[in-house]
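*Asks:* The following block contains the structure, expressed as structure tokens.
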Amino acid sequence: MKYLIGLIVFVLVVVYGAYEIWNEQQAAPVPTTFAECVEMGGLLMESYPEQCRLGDLTFVNPDQKVPPILEGDSPETDAPETSACRPSGCSGQVCTDEEVVTTCEFRPEYACYRTAVCERQPSGQCGWTPTPALTACLANPPQE
């Protein structure tokens, strides 16, 4: 009788543990896109294009494309005035026509540059086009 009660308690503990594990697995949503990864609190990597990592999954931001290098183009030989403007820096916060190395930190206003337009300005220098959307975002950056 004592062994039967022990066996019943053991079986109940195993069943309860299996239920808890199954319930935890069912409750954990799995991201399938970069945006979902960011929304679920994934780690934003300081890369270009930026990436989001959640657990063993990594997603690349589809809105950040690295401009193709055309035949004959090379960063070493292109003059700044003929090179295409593109985001650079560790967080993609600098608009430039040459590669720029910056410190790797993320500030809330850097999120505003994800959808901003990086292009040559009337001065001839690369820069972020001050659209109403960019200006508003920089005035009140998202708190991620």
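Identifiers in the structure tokens: chain A, B, ... in order shown; residue index from 1 per chain; ligand index from 1 in order shown.
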So that I can see what lies close to segment 117-119 of chain A, please list as an NGL selection string the residues with an atom at most 8 Å from it, counting only C-alpha atoms and leaving out residues fewer than 2 positions away in the same chain.
*Replies:* :A and (84-87 or 95-96 or 113 or 115 or 121 or 126-129)
*Asks:* Would you pick out the contacts of Gly41 of chain A at 12 Å or less, using only C-alpha atoms, so that residues sharing its chain but fewer than 4 positions from it are not included, and give the list as a compact mmCIF listing (two decimals) with N, CA and C atoms, in the first residue's frame?
*Replies:*
```txt
# COMPACT_ATOMS: atom_id res chain seq x y z
N PRO A 29 5.52 32.68 -28.13
CA PRO A 29 5.42 32.93 -29.56
C PRO A 29 6.81 33.01 -30.19
N VAL A 30 6.90 32.64 -31.43
CA VAL A 30 8.17 32.63 -32.15
C VAL A 30 8.08 33.67 -33.28
N PRO A 31 9.03 34.63 -33.33
CA PRO A 31 8.97 35.63 -34.39
C PRO A 31 9.31 35.01 -35.75
N PHE A 34 11.74 40.40 -38.97
CA PHE A 34 12.56 41.36 -38.23
C PHE A 34 11.68 42.21 -37.30
N ALA A 35 10.56 42.71 -37.82
CA ALA A 35 9.67 43.56 -37.03
C ALA A 35 9.12 42.82 -35.82
N GLU A 36 8.73 41.56 -36.00
CA GLU A 36 8.22 40.77 -34.87
C GLU A 36 9.31 40.55 -33.83
N CYS A 37 10.53 40.31 -34.30
CA CYS A 37 11.66 40.11 -33.38
C CYS A 37 11.87 41.35 -32.52
N CYS A 52 18.21 41.60 -35.76
CA CYS A 52 17.56 41.37 -34.48
C CYS A 52 17.74 39.90 -34.13
N ARG A 53 18.15 39.63 -32.90
CA ARG A 53 18.36 38.25 -32.46
C ARG A 53 17.47 37.97 -31.26
N LEU A 54 16.73 36.86 -31.34
CA LEU A 54 15.89 36.42 -30.25
C LEU A 54 16.10 34.92 -30.12
N GLY A 55 16.75 34.52 -29.03
CA GLY A 55 17.08 33.11 -28.85
C GLY A 55 18.08 32.68 -29.92
N GLU A 144 12.49 52.82 -27.37
CA GLU A 144 12.46 51.37 -27.56
C GLU A 144 12.98 50.65 -26.37
```
*Asks:* Would you please extract all strand (DSSP E) residues from segment 19-56 of chain A, as assigned by DSSP on the backbone, and give them as number ranges by chain?
*Replies:* A: 43-45, 51-54
*Asks:* Could you dump the residues just selected with N, CA and C atoms as a tab-separated table (two decimals), in the first residue's frame?
*Replies:*
```tsv
chain	number	residue	atom	x	y	z
A	43	LEU	N	17.24	41.32	-29.31
A	43	LEU	CA	18.45	42.12	-29.21
A	43	LEU	C	18.75	42.74	-30.56
A	44	LEU	N	18.81	44.08	-30.63
A	44	LEU	CA	19.17	44.77	-31.87
A	44	LEU	C	20.68	44.81	-31.98
A	45	MET	N	21.20	44.22	-33.04
A	45	MET	CA	22.65	44.18	-33.22
A	45	MET	C	23.12	45.43	-33.96
A	51	GLN	N	20.36	43.88	-37.50
A	51	GLN	CA	19.81	42.56	-37.29
A	51	GLN	C	19.18	42.49	-35.90
A	52	CYS	N	18.21	41.60	-35.76
A	52	CYS	CA	17.56	41.37	-34.48
A	52	CYS	C	17.74	39.90	-34.13
A	53	ARG	N	18.15	39.63	-32.90
A	53	ARG	CA	18.36	38.25	-32.46
A	53	ARG	C	17.47	37.97	-31.26
A	54	LEU	N	16.73	36.86	-31.34
A	54	LEU	CA	15.89	36.42	-30.25
A	54	LEU	C	16.10	34.92	-30.12
```
*Asks:* When you draw a straight line from atom CA of Ala133 of chain A to atom CA of Gln93 of chain A, how long is it in Å?
*Replies:*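 Calculated distance between atom CA of Ala133 of chain A and atom CA of Gln93 of chain A is 15.9 Å.
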*Asks:* For atom CA of Arg107 of chain A and atom CA of Pro122 of chain A, determine how far apart the two atoms are, in Å to one decimal place.
*Replies:*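 Going from atom CA of Arg107 of chain A over to atom CA of Pro122 of chain A covers 27.6 Å.
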*Asks:* Would you give me, as a ChimeraX atom specification, the residues in segment 26-62 of chain A that DSSP reads as helix (DSSP H, G or I)?
*Replies:* /A:26-27,34-39
*Asks:* Dump C-alpha atoms for the selected residues as a PDB file, in the first residue's frame?
*Replies:*
```pdb
ATOM      1  CA  GLN A  26       2.732  26.651 -26.189  1.00  0.00           C
ATOM      2  CA  ALA A  27       2.778  30.129 -24.642  1.00  0.00           C
ATOM      3  CA  PHE A  34      12.560  41.361 -38.228  1.00  0.00           C
ATOM      4  CA  ALA A  35       9.673  43.561 -37.034  1.00  0.00           C
ATOM      5  CA  GLU A  36       8.217  40.772 -34.874  1.00  0.00           C
ATOM      6  CA  CYS A  37      11.656  40.113 -33.381  1.00  0.00           C
ATOM      7  CA  VAL A  38      12.016  43.795 -32.420  1.00  0.00           C
ATOM      8  CA  GLU A  39       8.443  43.863 -31.058  1.00  0.00           C
TER       9      GLU A  39
END
```
*Asks:* From the list A:Ala116, A:Glu105, A:Tyr48, A:Gln125, which residue is nearest Ser88 of chain A when using only C-alpha atoms?
*Replies:*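 That would be A:Tyr48, the residue with the smallest distance to Ser88 of chain A.
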